[in-house]
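> Contents of upload_2.cif (mmCIF, C-alpha atoms and all ligand atoms) are given next:
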data_target
#
loop_
_atom_site.group_PDB
_atom_site.id
_atom_site.type_symbol
_atom_site.label_atom_id
_atom_site.label_comp_id
_atom_site.auth_asym_id
_atom_site.auth_seq_id
_atom_site.Cartn_x
_atom_site.Cartn_y
_atom_site.Cartn_z
ATOM 1 C CA MET A 1 107.383 116.491 122.354
ATOM 2 C CA GLU A 2 111.071 117.432 122.011
ATOM 3 C CA ASP A 3 112.908 116.820 118.735
ATOM 4 C CA ILE A 4 115.814 114.805 120.212
ATOM 5 C CA ILE A 5 115.081 111.887 122.525
ATOM 6 C CA GLN A 6 117.134 109.248 124.285
ATOM 7 C CA ILE A 7 116.225 105.553 124.492
ATOM 8 C CA LYS A 8 118.699 103.525 126.493
ATOM 9 C CA GLU A 9 122.149 104.393 125.044
ATOM 10 C CA LEU A 10 120.819 105.709 121.689
ATOM 11 C CA SER A 11 119.780 109.208 120.579
ATOM 12 C CA PHE A 12 117.007 109.765 118.065
ATOM 13 C CA LYS A 13 115.748 112.860 116.249
ATOM 14 C CA LYS A 14 112.248 113.508 114.981
ATOM 15 C CA LEU A 15 111.696 112.298 111.409
ATOM 16 C CA LEU A 16 107.936 112.201 110.811
ATOM 17 C CA SER A 17 105.412 114.347 112.664
ATOM 18 C CA LYS A 18 102.072 112.988 113.817
ATOM 19 C CA GLU A 19 100.272 115.292 111.380
ATOM 20 C CA LEU A 20 102.259 113.913 108.435
ATOM 21 C CA ILE A 21 101.695 110.308 109.540
ATOM 22 C CA LYS A 22 97.962 110.936 109.937
ATOM 23 C CA LYS A 23 97.697 112.473 106.476
ATOM 24 C CA ARG A 24 99.559 109.573 104.849
ATOM 25 C CA VAL A 25 97.540 106.925 106.723
ATOM 26 C CA LYS A 26 94.346 108.566 105.430
ATOM 27 C CA GLU A 27 95.680 108.483 101.870
ATOM 28 C CA LEU A 28 96.578 104.792 102.160
ATOM 29 C CA ALA A 29 93.144 103.956 103.605
ATOM 30 C CA LYS A 30 91.473 105.756 100.721
ATOM 31 C CA ARG A 31 93.512 103.823 98.155
ATOM 32 C CA ILE A 32 92.761 100.498 99.840
ATOM 33 C CA ASP A 33 89.037 101.350 100.002
ATOM 34 C CA LYS A 34 89.089 102.033 96.267
ATOM 35 C CA ASP A 35 91.161 98.974 95.318
ATOM 36 C CA TYR A 36 89.083 96.581 97.456
ATOM 37 C CA CYS A 37 85.655 98.108 96.802
ATOM 38 C CA GLY A 38 83.044 95.292 96.944
ATOM 39 C CA LYS A 39 85.483 92.953 98.680
ATOM 40 C CA ASN A 40 85.998 92.104 102.328
ATOM 41 C CA PRO A 41 89.770 91.882 102.811
ATOM 42 C CA ILE A 42 91.500 90.502 105.866
ATOM 43 C CA LEU A 43 93.888 93.003 107.402
ATOM 44 C CA LEU A 44 96.621 90.774 108.723
ATOM 45 C CA LEU A 45 98.424 92.772 111.358
ATOM 46 C CA THR A 46 101.997 91.777 112.166
ATOM 47 C CA LEU A 47 102.590 91.984 115.891
ATOM 48 C CA LYS A 48 103.750 93.964 117.613
ATOM 49 C CA GLY A 49 105.157 96.831 115.558
ATOM 50 C CA ALA A 50 102.132 97.411 113.299
ATOM 51 C CA ILE A 51 99.578 97.723 116.129
ATOM 52 C CA ILE A 52 99.262 101.503 116.044
ATOM 53 C CA PHE A 53 99.481 101.839 112.275
ATOM 54 C CA ALA A 54 96.814 99.155 111.773
ATOM 55 C CA ALA A 55 94.504 100.703 114.386
ATOM 56 C CA ASP A 56 94.683 104.108 112.695
ATOM 57 C CA LEU A 57 94.480 102.678 109.170
ATOM 58 C CA MET A 58 91.391 100.563 109.821
ATOM 59 C CA ARG A 59 89.580 103.491 111.439
ATOM 60 C CA GLU A 60 90.154 105.526 108.268
ATOM 61 C CA MET A 61 88.819 102.729 106.040
ATOM 62 C CA LYS A 62 85.199 102.595 104.950
ATOM 63 C CA ILE A 63 84.926 99.125 103.380
ATOM 64 C CA PRO A 64 84.103 96.116 105.601
ATOM 65 C CA THR A 65 87.252 94.424 106.862
ATOM 66 C CA GLN A 66 88.249 91.669 109.198
ATOM 67 C CA ILE A 67 91.358 92.047 111.342
ATOM 68 C CA GLU A 68 93.632 89.153 112.255
ATOM 69 C CA THR A 69 97.068 89.026 113.813
ATOM 70 C CA ILE A 70 100.282 87.188 113.146
ATOM 71 C CA ILE A 71 103.650 87.233 114.836
ATOM 72 C CA ALA A 72 106.698 87.623 112.608
ATOM 73 C CA LYS A 73 109.872 88.014 114.614
ATOM 74 C CA SER A 74 113.178 88.878 113.024
ATOM 75 C CA TYR A 75 115.278 91.279 115.055
ATOM 76 C CA GLY A 76 115.315 90.185 118.683
ATOM 77 C CA MET A 77 117.152 92.874 120.619
ATOM 78 C CA ASN A 78 119.540 93.914 117.823
ATOM 79 C CA LEU A 79 119.524 96.818 115.380
ATOM 80 C CA SER A 80 120.100 94.771 112.238
ATOM 81 C CA SER A 81 118.220 91.934 110.614
ATOM 82 C CA GLU A 82 119.707 88.472 110.858
ATOM 83 C CA GLY A 83 117.659 86.933 108.052
ATOM 84 C CA LYS A 84 116.090 84.468 110.495
ATOM 85 C CA VAL A 85 112.351 84.900 110.752
ATOM 86 C CA GLU A 86 109.948 83.068 113.033
ATOM 87 C CA VAL A 87 106.282 83.149 111.978
ATOM 88 C CA ILE A 88 103.555 82.243 114.482
ATOM 89 C CA GLU A 89 100.032 82.365 113.070
ATOM 90 C CA ASN A 90 96.637 82.239 114.713
ATOM 91 C CA PRO A 91 94.318 79.467 113.503
ATOM 92 C CA ILE A 92 92.481 81.520 110.871
ATOM 93 C CA ASN A 93 90.903 80.397 107.630
ATOM 94 C CA LEU A 94 92.672 82.226 104.798
ATOM 95 C CA ASN A 95 91.423 80.012 101.985
ATOM 96 C CA ASP A 96 90.130 82.192 99.086
ATOM 97 C CA LYS A 97 90.521 85.367 101.142
ATOM 98 C CA ASP A 98 92.046 88.673 100.071
ATOM 99 C CA ILE A 99 94.840 89.368 102.532
ATOM 100 C CA ILE A 100 96.487 92.709 103.145
ATOM 101 C CA ILE A 101 99.517 92.335 105.381
ATOM 102 C CA ILE A 102 99.813 95.408 107.593
ATOM 103 C CA GLU A 103 103.470 95.897 108.470
ATOM 104 C CA ASP A 104 105.317 98.621 110.348
ATOM 105 C CA ILE A 105 108.529 98.577 108.309
ATOM 106 C CA VAL A 106 110.175 96.624 105.512
ATOM 107 C CA ASP A 107 113.935 96.621 105.847
ATOM 108 C CA THR A 108 115.771 93.664 104.233
ATOM 109 C CA GLY A 109 112.446 92.069 103.231
ATOM 110 C CA TYR A 110 113.217 88.725 104.918
ATOM 111 C CA THR A 111 110.231 89.020 107.255
ATOM 112 C CA MET A 112 107.756 89.659 104.432
ATOM 113 C CA GLN A 113 109.301 86.968 102.259
ATOM 114 C CA SER A 114 108.942 84.324 105.003
ATOM 115 C CA LEU A 115 105.450 85.469 105.900
ATOM 116 C CA ILE A 116 104.213 85.433 102.294
ATOM 117 C CA LYS A 117 105.665 81.963 101.754
ATOM 118 C CA ARG A 118 103.812 80.741 104.823
ATOM 119 C CA LEU A 119 100.536 82.457 103.850
ATOM 120 C CA GLU A 120 100.622 81.080 100.297
ATOM 121 C CA SER A 121 100.321 77.573 101.726
ATOM 122 C CA PHE A 122 96.788 78.523 102.930
ATOM 123 C CA ASN A 123 95.641 79.237 99.327
ATOM 124 C CA PRO A 124 94.386 82.798 99.762
ATOM 125 C CA SER A 125 92.823 84.581 96.798
ATOM 126 C CA SER A 126 95.376 87.424 96.964
ATOM 127 C CA ILE A 127 98.155 88.757 99.186
ATOM 128 C CA GLU A 128 99.354 92.367 99.221
ATOM 129 C CA ILE A 129 101.670 94.268 101.539
ATOM 130 C CA CYS A 130 100.851 97.588 103.170
ATOM 131 C CA THR A 131 103.824 98.954 105.081
ATOM 132 C CA LEU A 132 104.066 102.283 106.829
ATOM 133 C CA LEU A 133 107.819 102.539 106.293
ATOM 134 C CA PHE A 134 110.225 101.145 103.712
ATOM 135 C CA LYS A 135 114.024 101.302 103.616
ATOM 136 C CA PRO A 136 114.691 100.784 99.867
ATOM 137 C CA LYS A 137 118.487 100.887 100.319
ATOM 138 C CA ASN A 138 118.411 97.856 102.636
ATOM 139 C CA ILE A 139 116.185 95.534 100.625
ATOM 140 C CA VAL A 140 117.828 92.164 99.952
ATOM 141 C CA VAL A 141 114.996 90.000 98.629
ATOM 142 C CA PRO A 142 112.705 90.896 95.695
ATOM 143 C CA LEU A 143 109.320 92.015 97.020
ATOM 144 C CA GLN A 144 106.279 93.645 95.493
ATOM 145 C CA ILE A 145 104.945 96.186 97.958
ATOM 146 C CA LYS A 146 101.637 97.664 96.887
ATOM 147 C CA TYR A 147 101.158 100.239 99.642
ATOM 148 C CA ILE A 148 104.063 102.218 101.129
ATOM 149 C CA GLY A 149 103.604 105.059 103.591
ATOM 150 C CA PHE A 150 107.096 106.564 103.554
ATOM 151 C CA GLU A 151 110.447 105.588 102.073
ATOM 152 C CA ILE A 152 113.200 106.356 104.572
ATOM 153 C CA GLU A 153 116.995 106.198 104.841
ATOM 154 C CA PRO A 154 118.499 102.912 106.099
ATOM 155 C CA LEU A 155 118.777 104.021 109.719
ATOM 156 C CA PHE A 156 117.029 102.636 112.778
ATOM 157 C CA VAL A 157 113.703 104.258 113.683
ATOM 158 C CA VAL A 158 111.371 104.145 116.692
ATOM 159 C CA GLY A 159 107.906 105.368 117.598
ATOM 160 C CA TYR A 160 104.322 104.908 116.376
ATOM 161 C CA GLY A 161 104.536 101.194 117.231
ATOM 162 C CA LEU A 162 108.192 100.631 116.372
ATOM 163 C CA ASP A 163 110.517 99.818 119.240
ATOM 164 C CA TYR A 164 114.116 99.726 120.276
ATOM 165 C CA ALA A 165 114.458 96.765 122.670
ATOM 166 C CA GLU A 166 110.703 97.081 123.466
ATOM 167 C CA GLU A 167 110.889 100.809 124.225
ATOM 168 C CA GLY A 168 109.508 103.716 122.224
ATOM 169 C CA ARG A 169 106.383 102.100 120.778
ATOM 170 C CA ASN A 170 104.108 104.653 122.454
ATOM 171 C CA LEU A 171 105.771 107.702 120.879
ATOM 172 C CA ARG A 172 103.279 109.553 118.677
ATOM 173 C CA GLU A 173 105.880 110.555 116.116
ATOM 174 C CA ILE A 174 108.618 108.615 114.329
ATOM 175 C CA TYR A 175 112.235 109.206 115.353
ATOM 176 C CA ILE A 176 115.445 108.230 113.537
ATOM 177 C CA LYS A 177 118.755 107.280 115.140
ATOM 178 C CA VAL A 178 121.507 109.891 115.255
ATOM 179 C CA ASP A 179 125.206 109.096 115.828
HETATM 180 P P1 LIG A 201 113.209 92.848 107.608
HETATM 181 O O1 LIG A 201 112.888 91.390 107.785
HETATM 182 O O2 LIG A 201 114.678 93.088 107.571
HETATM 183 O O3 LIG A 201 112.495 93.484 106.450
HETATM 184 O O4 LIG A 201 112.769 93.573 108.935
HETATM 185 C C1 LIG A 201 111.436 93.829 109.240
HETATM 186 C C2 LIG A 201 111.203 93.853 110.723
HETATM 187 O O5 LIG A 201 112.363 94.291 111.431
HETATM 188 C C3 LIG A 201 110.117 94.831 111.055
HETATM 189 O O6 LIG A 201 108.870 94.204 111.146
HETATM 190 C C4 LIG A 201 110.560 95.386 112.384
HETATM 191 O O7 LIG A 201 110.046 94.584 113.421
HETATM 192 C C5 LIG A 201 112.046 95.264 112.373
HETATM 193 N N1 LIG A 201 112.698 96.522 111.975
HETATM 194 C C6 LIG A 201 113.338 96.799 110.822
HETATM 195 N N2 LIG A 201 113.836 98.037 110.808
HETATM 196 C C7 LIG A 201 113.479 98.574 111.989
HETATM 197 C C8 LIG A 201 113.679 99.873 112.582
HETATM 198 O O8 LIG A 201 114.299 100.796 112.015
HETATM 199 N N3 LIG A 201 113.133 100.049 113.821
HETATM 200 C C9 LIG A 201 112.447 99.089 114.492
HETATM 201 N N4 LIG A 201 112.244 97.862 113.975
HETATM 202 C C10 LIG A 201 112.757 97.614 112.745
#
Before we go any further, please render this structure as structure tokens.

Amino acid sequence: MEDIIQIKELSFKKLLSKELIKKRVKELAKRIDKDYCGKNPILLLTLKGAIIFAADLMREMKIPTQIETIIAKSYGMNLSSEGKVEVIENPINLNDKDIIIIEDIVDTGYTMQSLIKRLESFNPSSIEICTLLFKPKNIVVPLQIKYIGFEIEPLFVVGYGLDYAEEGRNLREIYIKVD
């Protein structure tokens, strides 16, 4: 795969190789296995961006897990967060459960903040966040993120599940926008 790609009007350069992503996903799975040993956490996958990350992560995990999905929409077709988040949950019983939210990227934190607020109303036993990517320079709301794959610069990224206007999710590597 070439190092510079074009999606619609934007150019992106390779940021994280598939080998690096694989290695980090394994490390995260190992930590989660250790932290949740003897428990049966629910991996709550945020659609659609975390699909590929969650699929790889759960296959690296050894402890029993249940996977559920939730839709948390914030961006629409734009490149920046608007602070408006729509959460659509499946009818799942989260009462007394250990939840690990599997997210593709935390940017401003609005999405996670809204989602956690919503999930708390179901009285789970615990809620933690596992995000593949984190843009620390963009965070606006205070958030405790237990598992972070990579901290990255505050630029738009695509690939490995992340999209630009619904394109680029199937790229095996992660690409960052260039001017
Ligand atoms: P936040 O609410 O600002 O933290 O944004 C989180 C959501 O915005 C993620 O779940 C993504 O769907 C989307 N997002 C944030 N940054 C990017 C990016 O660089 N590429 C693709 N989607 C992004």
> Taking the file as shown, what set of residues would the PyMOL selection byres (((not hetatm)) within 6 of (chain A and resi 201)) give back, as a ChimeraX atom specification?
/A:49,74-75,81,104-111,155-158,162-163
> To verify the selection step, state as a tab-separated table (two decimals) with C-alpha atoms, in the frame of the given file which residues the PyMOL selection byres (((chain A and resi 172) around 9) and not hetatm) yields on this input.

chain	number	residue	atom	x	y	z
A	1	MET	CA	107.38	116.49	122.35
A	17	SER	CA	105.41	114.35	112.66
A	18	LYS	CA	102.07	112.99	113.82
A	159	GLY	CA	107.91	105.37	117.60
A	160	TYR	CA	104.32	104.91	116.38
A	161	GLY	CA	104.54	101.19	117.23
A	169	ARG	CA	106.38	102.10	120.78
A	170	ASN	CA	104.11	104.65	122.45
A	171	LEU	CA	105.77	107.70	120.88
A	173	GLU	CA	105.88	110.56	116.12
A	174	ILE	CA	108.62	108.62	114.33
> Quick one: distance from CA of Lys34 in chain A to CA of Ser126 in chain A in Å, one decimal?
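For CA of Lys34 in chain A relative to CA of Ser126 in chain A, the distance reads 15.9 Å.
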> Rounded to one decimal place, report the CA of Lys177 in chain A-CA of Ala50 in chain A distance in Å.
19.4 Å
> Extending 3 Å beyond the listed atoms of range 92-107 of chain A on each side, what axis-aligned box results? I want centre and edge lengths in Å to one decimal, as AutoDock Vina command-line options.

--center_x 102.0 --center_y 89.3 --center_z 105.0 --size_x 29.8 --size_y 24.6 --size_z 17.8
> Please, what distance in Å, to one decimal, runs between CA of Tyr164 in chain A and CA of Ile145 in chain A?
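Computed distance, CA of Tyr164 in chain A to CA of Ile145 in chain A, equals 24.4 Å.
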> Could you list, as number ranges by chain, every residue matched by the PyMOL selection byres (((chain A and resi 95) around 9) and not hetatm) in this structure?
A: 93-94, 96-98, 122-125
> Counting all atoms listed in the file, which residue out of A:Leu57, A:Leu16, A:Leu47, A:Ile67 sits closest to Val87 in chain A?
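Using all atoms listed in the file, Val87 in chain A sits closest to A:Leu47.
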> Select, from A:Ile32, A:Leu43, A:Ile5, A:Ile21, the residue with the minimum atom-to-atom distance to Lys62 in chain A, counting all atoms listed in the file.
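Of all the options, A:Ile32 lies closest to Lys62 in chain A.
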> Please list as a list in words every residue within 8 Å of Pro64 in chain A, counting only C-alpha atoms and excluding residues in the same chain fewer than 6 positions away.
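What passes the distance filter is Lys39, Asn40 and Pro41 of chain A.
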> Nearest to Cys37 in chain A: which of A:Lys14, A:Ile71, A:Ile63, A:Phe53 is it, counting all atoms listed in the file?
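Comparing A:Lys14, A:Ile71, A:Ile63, A:Phe53 against Cys37 in chain A, the winner is A:Ile63.
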> Considering all atoms listed in the file, state which residue in the set A:Ile102, A:Ile7, A:Ile152, A:Val25 is at the smallest distance from Leu133 in chain A.
A:Ile152
> I want to know what sits within 9 Å of Met61 in chain A, based on only C-alpha atoms, with residues of the same chain fewer than 3 positions away left out; could you give that as a PyMOL selection string?
chain A and resi 26+28-30+32-33+56-58+64-65
> Nearest to Thr131 in chain A: which of A:Ile99, A:Ile116, A:Val178, A:Ala54 is it, counting all atoms listed in the file?
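Closest residue, counting all atoms listed in the file: A:Ala54.
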> Nearest to Pro142 in chain A among A:Ile176, A:Met112, A:Ile100, A:Leu45, with distances taken over only C-alpha atoms: which residue is it?
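For Pro142 in chain A, the nearest of the candidates is A:Met112.
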